[in-house]
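Okay, so here's the structure we're looking at.
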Amino acid sequence: MNKTVEKIPTWAFGYIFNGDMTGLTAEEVRLIDEALKRIGAELVCTPLDEEVQPYFTRYPLFGLPTDVVDCVILYK
């Protein structure tokens with residue numbers, strides 16, 4: 001497995017970690033699925049709770065500029 005750190009939008013966490021699509025449009029779900037599939041993501045991990053520091057970026061892994069958290073992604 002390979003490892004990378006990516007800027008994951010905080011609005012996508014419910015879907016990525018729990019499969020909860022509440023508040024997301026079909027287009028947003030498609031965007032998340034395509035981005036994770038494109039990089040071959042097997043597992044997405046957030047930092048420890050005390051290390052989570054959301055910040056704004058113009059260049060998240062997917063979607064428009066927003067608040068993100070740097071997450072570790074394991075991929076093939």
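By order of appearance in the structure tokens: chains A, B, ..., then residues from 1 within every chain, and ligands from 1 in the order shown.
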Problem set entry | Every residue of stretch 6-41 of chain A that DSSP places in strand (DSSP E or B), as a ChimeraX atom specification | /A:6-9,41
For this session: Mind checking which residues fall within 12 Å of A:Arg38, counting only C-alpha atoms, ignoring those fewer than 6 positions away in the same chain, and posting them as a ChimeraX atom specification?
Result: /A:30-32,61-62,75-76
Exercise. Using only C-alpha atoms, which residue out of A:Thr25, A:Asn2, A:Phe13, A:Asp33 lies closest to A:Val69?
Worked result: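 Smallest distance to A:Val69 is found for A:Phe13.
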Exercise. Quick one: of A:Asp70, A:Ile16, A:Pro9, A:Leu24, who's nearest to A:Glu51, counting only C-alpha atoms?
Worked result: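 With only C-alpha atoms as the atom set, the closest residue is A:Asp70.
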Exercise. To one decimal place, how far is atom CA of A:Thr66 from atom CA of A:Thr10 in Å?
Worked result: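 Separating atom CA of A:Thr66 from atom CA of A:Thr10 is a distance of 8.0 Å.
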For this session: Kindly give the distance, in Å, that separates atom CA of A:Ala12 and atom CA of A:Leu43, rounded to a single decimal.
Result: 14.5 Å
Exercise. Interatomic distance between atom CA of A:Glu6 and atom CA of A:Leu64?
Worked result: 14.8 Å
Give me the residues within 6 Å of A:Asp67 as a compact mmCIF listing (two decimals) with N, CA and C atoms, in the first residue's frame, counting only C-alpha atoms and dropping any in the same chain fewer than 5 places off.
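Output contents, as saved in out_25.txt:
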# COMPACT_ATOMS: atom_id res chain seq x y z
N PRO A 9 -12.41 17.95 1.88
CA PRO A 9 -13.40 18.91 2.38
C PRO A 9 -14.15 18.36 3.60
N PRO A 54 -9.08 22.14 10.83
CA PRO A 54 -9.63 22.52 9.53
C PRO A 54 -9.11 23.89 9.11
N TYR A 55 -8.88 24.05 7.84
CA TYR A 55 -8.44 25.34 7.30
C TYR A 55 -9.01 25.51 5.90
N PHE A 56 -9.04 26.73 5.43
CA PHE A 56 -9.60 27.04 4.12
C PHE A 56 -8.54 26.89 3.05
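For the choices A:Gln53, A:Thr22, A:Lys7, A:Phe17, the atom-to-atom distance to A:Ala35 is smallest for A:Lys7 when using only C-alpha atoms.
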Exercise. In chain A, what's helix (DSSP H, G or I) per DSSP? Answer as a ChimeraX atom specification?
Worked result: /A:10-18,26-38,49-51
Shell of 9 Å around A:Glu42, only C-alpha atoms, local chain residues under 2 positions omitted, as a CSV table (one decimal) with C-alpha atoms, in the first residue's frame:
chain,number,residue,atom,x,y,z
A,1,MET,CA,0.0,0.0,0.0
A,36,LEU,CA,-11.5,8.7,-4.4
A,37,LYS,CA,-11.8,6.1,-7.2
A,40,GLY,CA,-7.5,4.3,-6.0
A,44,VAL,CA,-9.1,7.5,4.3
A,73,ILE,CA,-5.2,8.1,2.2
A,74,LEU,CA,-3.9,4.6,1.6
A,75,TYR,CA,-4.1,3.4,-2.0
A,76,LYS,CA,-2.8,0.6,-4.2
